Every structure is written in structure tokens, then in C-alpha cells.
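Trainee: Take this structure first; my questions come after.
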Amino acid sequence: MSFETWDGDDESAAGRFVPLYVLVNGRTAPRDSTLDLATQVVALSVDTRRLEPEYLEIVRQCAGWISVAEIGAYLKLPLAIAKVMVDVLVEQGYLAVGTPAQQRIFDKSLLDQVIAGLERL
Amino acid sequence: MDRTSVKIVVAGGFGTGKTTLVASVSEIPPLTTEEILTEASLGVDDTTGVESKTTTTVALDFGRITISPDVVLYLFGTPGQDRFWFMWDELAQGAVGAIVLVDTRRLDSSFPAVDYFERRGIPFVTAVNRFFGECDYTEDEIRGALELDPKVPLVWCDARDKESSKLALITLVRQAMARLKVKA
Ligand SMILES: Nc1nc2c(ncn2[C@@H]2O[C@H](COP(=O)(O)OP(=O)(O)OP(=O)(O)O)[C@@H](O)[C@H]2O)c(=O)[nH]1
Ligand SMILES: [Mg+2]
């Protein structure tokens, strides 16, 4: 996770605010740095009986593909917490992860699909 | 089984119509997610611990558009206040690009957004939100005030209108594609 801040001229407006460190199961930042707020996850069909209620709630929310940001919004969890909890669930095999919007180089066919999708709206 | 996320940032100054634009094209009413931020320790006494530092909440609005069974486009509005640059970095990372909304009554309020994407080489288009139909400026005057690169597209828009928002989005994706061709 990068804490790079505004490098503009306006020193007084520089990004002085960073996410509050959150501690979830002793973890402060997602292990998998590709997990961003638009990354989608989906529940895998595994036994969830051992899960704590907070985690179970997330898995239930993931019956279909859903982004980390949507999980945060629906369950009213701050983004940083949603991310870390989703990451824990991915690591423990409860959730599968889709392709994040992280590739700097987009392939042309994906952008073609996006344009076609927007035109259909 | 896979699912790809595509991200577009909707930026611009305070009250320029970001949430309205997202709402006009999103298939769900815009959702809000919050991040709790703490003041960075730079120049702040670090021994006091996290509790006593200033914390603040920043809200992000976003919407979604299902492109195909495998691809979902997320539209993220930047927080209205410019001081939360950290969130901008997080939103811009991996994004196709950005729409910078401009309110002609306050052109300068969108300058930080233009400057942000320009400096980082992130594709963007400017969408001039005319609000009351009238605009006192020509395209050249707006380009001049925002110091726009001639290659940056400028579209006129009504953020409440779905077709207008679609046009701004499509213009952006085409701009991102043009950039791909230049790099290749
Ligand atoms: N007439 C007119 N009003 C608009 C248009 N776009 C937005 N508005 C109105 O302008 C106000 C601000 O719009 P928002 O979409 O909330 O702006 P925003 O950029 O999300 O604002 P912040 O998140 O507070 O920075 C709202 O009352 C909108 O209804 C437009 O194209 N025409
Ligand atoms: Mg808004």
C-alpha cells in the first residue's frame, strides 16, 4: 500500500491525511496489495460454521460477485477494515478474487467491450 | 470463473455534479463508502499515539455499470474536499482514466483535479457542466483558464442527463485507447 501524497505546489493542502491504521486479527494492511476497492470477490461453497459473525456477514454478502467498496457500503464498514477482512477471507479460502482494476496497461479488447457496454445503456 | 473490474474516476471541484453524473448512469442508486483517515505524523508529535491525533471520515460515492457477464465498470466520485489526496491516489490507481467536471461559475475549482491527472499522465476528459444552460465562456477560454493540453477532450454536459454522461464516459474510454496506440 502506498502512502504517496500530493506532490503539487500547494503545500498547505498536501495530503496530510492517511487511513487510520486498523488492526484486524493482528493485521494492519492487506497482504495482497492488488486488492483494491473495485476488486470483486465471490463466496466459495465451503463450510462457514467456524466463522465469526462479522466475517460470516461478509461471506453472505458475497453470494454473487461484489466489490470491496460495495461490501463496505452495504455493511457500513470503513474501507480499510472491509479490505483487511476480505483479504483474511480470501487467504482462508472462503472467497475467490476476480481480476482487479489494477493493470496500468489496459488491453484494447477490454476497452472495446466497455465502450460497447456504455453504448447499450 | 473470473470477473474483471474496470474503474473510472469522476473528479472536479466541490459541487460540480460528480454524484449527479454517477447517479445518471449507474444501474444502482449511488452507494457511499467511508474511510477513516488520521492526520499523518509528519510534523505532528508522534509520541502521543493514534487516539489523540485528528481523525476524520471521508465519504466516497460510487456507482456500477455491468458491461458484460465478466466485466463490471465502477464509477468513483472523488471526495469534494481537495485535501484528501490519499483517496485520490487510491481511486486513480489502475483506473482507465478520469472525467473532470467543471462548473463554469467556478472554473478554478476544477483546476486541482486537472493538474492532478495531468501530472500523473492519467487519461482524462473535461466535462463542462452548464447547470443553467448558459455559459459565459467559449471552449478556448475554458481551455485557457484550466491550462488544458490541446489533446485533452472537452465535452459539454448536463450531469443529470444519462445520454450526456454516457458521452463523457465514452469520450474518456476512447481517449484512453488513443493513448494505448501511441504507447504501442
Ligand atoms: N441545473 C443543473 N443542476 C445540476 C447539474 N449537475 C448537478 N446539479 C445540482 O448541483 C448540485 C451539486 O451536485 P452534486 O452532484 O451533488 O455535486 P458533487 O460534485 O457530487 O458535490 P460534492 O460531492 O459535494 O463535491 C446538486 O443540487 C445537483 O442537483 C446540472 O447539470 N444542471
Ligand atoms: Mg458528491
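The chains in the C-alpha cells are called A, B, ... from first to last as shown; in each chain the residues are counted from 1, and the ligands are counted from 1 in the order shown.
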Sorted by chain and rising residue number, list the residues of chain B at most 7 Å from chain A (counting only C-alpha atoms), each with its closest atom pair and distance in Å to one decimal, as JSON lines.
Mentor:
```
{"residue": "B:Asp2", "atom": "CA", "partner": "A:Gly98", "partner_atom": "CA", "distance": 5.3}
{"residue": "B:Arg3", "atom": "CA", "partner": "A:Gly98", "partner_atom": "CA", "distance": 4.6}
{"residue": "B:Thr4", "atom": "CA", "partner": "A:Thr99", "partner_atom": "CA", "distance": 4.5}
{"residue": "B:Ser5", "atom": "CA", "partner": "A:Ala101", "partner_atom": "CA", "distance": 5.0}
{"residue": "B:Val6", "atom": "CA", "partner": "A:Ala101", "partner_atom": "CA", "distance": 5.1}
{"residue": "B:Lys7", "atom": "CA", "partner": "A:Ala101", "partner_atom": "CA", "distance": 6.1}
{"residue": "B:Leu31", "atom": "CA", "partner": "A:Ala73", "partner_atom": "CA", "distance": 6.2}
{"residue": "B:Thr32", "atom": "CA", "partner": "A:Ala73", "partner_atom": "CA", "distance": 5.6}
{"residue": "B:Thr33", "atom": "CA", "partner": "A:Ala73", "partner_atom": "CA", "distance": 4.6}
{"residue": "B:Glu34", "atom": "CA", "partner": "A:Pro78", "partner_atom": "CA", "distance": 5.0}
{"residue": "B:Glu35", "atom": "CA", "partner": "A:Pro78", "partner_atom": "CA", "distance": 4.9}
{"residue": "B:Ile36", "atom": "CA", "partner": "A:Leu20", "partner_atom": "CA", "distance": 5.8}
{"residue": "B:Leu37", "atom": "CA", "partner": "A:Pro19", "partner_atom": "CA", "distance": 4.1}
{"residue": "B:Thr38", "atom": "CA", "partner": "A:Leu20", "partner_atom": "CA", "distance": 4.9}
{"residue": "B:Glu39", "atom": "CA", "partner": "A:Phe17", "partner_atom": "CA", "distance": 4.4}
{"residue": "B:Ala40", "atom": "CA", "partner": "A:Arg16", "partner_atom": "CA", "distance": 5.2}
{"residue": "B:Ile67", "atom": "CA", "partner": "A:Gly117", "partner_atom": "CA", "distance": 4.7}
{"residue": "B:Tyr74", "atom": "CA", "partner": "A:Ala38", "partner_atom": "CA", "distance": 6.7}
{"residue": "B:Arg83", "atom": "CA", "partner": "A:Ala13", "partner_atom": "CA", "distance": 5.3}
{"residue": "B:Phe84", "atom": "CA", "partner": "A:Gly15", "partner_atom": "CA", "distance": 5.7}
{"residue": "B:Trp85", "atom": "CA", "partner": "A:Gly15", "partner_atom": "CA", "distance": 4.9}
{"residue": "B:Phe86", "atom": "CA", "partner": "A:Thr5", "partner_atom": "CA", "distance": 5.8}
{"residue": "B:Gln93", "atom": "CA", "partner": "A:Gln102", "partner_atom": "CA", "distance": 6.5}
{"residue": "B:Gly94", "atom": "CA", "partner": "A:Gln102", "partner_atom": "CA", "distance": 3.8}
{"residue": "B:Ala95", "atom": "CA", "partner": "A:Ala101", "partner_atom": "CA", "distance": 6.4}
{"residue": "B:Lys166", "atom": "CA", "partner": "A:Leu118", "partner_atom": "CA", "distance": 6.4}
{"residue": "B:Ile170", "atom": "CA", "partner": "A:Ile115", "partner_atom": "CA", "distance": 5.9}
{"residue": "B:Val173", "atom": "CA", "partner": "A:Leu111", "partner_atom": "CA", "distance": 6.6}
{"residue": "B:Met177", "atom": "CA", "partner": "A:Lys108", "partner_atom": "CA", "distance": 6.7}
```
Trainee: Using only C-alpha atoms and all ligand atoms, which residues of the polymer chains come no farther than 9 Å from ligand 2? I'd like the answer as a count of residues only.
Mentor: 14
Trainee: Mind listing the residues within 12 Å of ligand 1, only C-alpha atoms and all ligand atoms counted, as a VMD selection string?
Mentor: chain B and resid 10 to 24 30 32 58 to 62 76 to 82 99 to 105 109 to 110 127 to 135 156 to 162 164 to 165
Trainee: Select from range 41-129 of chain B everything DSSP, run on the backbone, classes as helix (DSSP H, G or I), then give the selection as a PyMOL selection string.
Mentor: chain B and resi 46-48+50-52+85-92+104-120
Trainee: For the residues in the current selection, export C-alpha atoms as a compact mmCIF listing (two decimals), in the first residue's frame.
Mentor:
```txt
# COMPACT_ATOMS: atom_id res chain seq x y z
CA ASP B 46 4.42 11.11 17.21
CA THR B 47 4.59 10.03 20.85
CA THR B 48 1.01 10.92 21.60
CA VAL B 50 -3.13 7.39 17.42
CA GLU B 51 -6.03 8.15 19.73
CA SER B 52 -5.15 11.76 20.24
CA TRP B 85 -5.25 13.36 -1.79
CA PHE B 86 -4.64 9.94 -0.38
CA MET B 87 -8.09 8.88 -1.51
CA TRP B 88 -7.42 10.27 -4.97
CA ASP B 89 -4.31 8.09 -5.22
CA GLU B 90 -6.29 5.05 -4.23
CA LEU B 91 -9.08 5.84 -6.70
CA ALA B 92 -6.77 6.68 -9.58
CA THR B 104 -18.42 27.40 -15.42
CA ARG B 105 -19.36 29.62 -12.48
CA ARG B 106 -16.22 28.48 -10.68
CA LEU B 107 -13.71 27.35 -13.27
CA ASP B 108 -10.81 27.45 -10.87
CA SER B 109 -12.38 24.92 -8.52
CA SER B 110 -11.59 22.15 -11.01
CA PHE B 111 -8.01 23.22 -11.61
CA PRO B 112 -6.51 20.98 -8.88
CA ALA B 113 -8.19 17.96 -10.48
CA VAL B 114 -6.89 18.82 -13.96
CA ASP B 115 -3.44 19.35 -12.50
CA TYR B 116 -3.57 16.06 -10.59
CA PHE B 117 -4.32 13.87 -13.63
CA GLU B 118 -2.04 15.87 -15.92
CA ARG B 119 0.96 15.39 -13.63
CA ARG B 120 0.39 11.68 -13.34
```
Trainee: Any chance you could list, as a ChimeraX atom specification, the residues in range 1-182 of chain B that come up strand (DSSP E) when DSSP is run on the backbone?
Mentor: /B:4-12,31-39,55-68,71-77,97-103,124-129,154-157
Trainee: Kindly give the distance, in Å, that separates CA of Val88 in chain A and CA of Leu35 in chain A, rounded to a single decimal.
Mentor: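 These atoms are spaced 11.4 Å apart.
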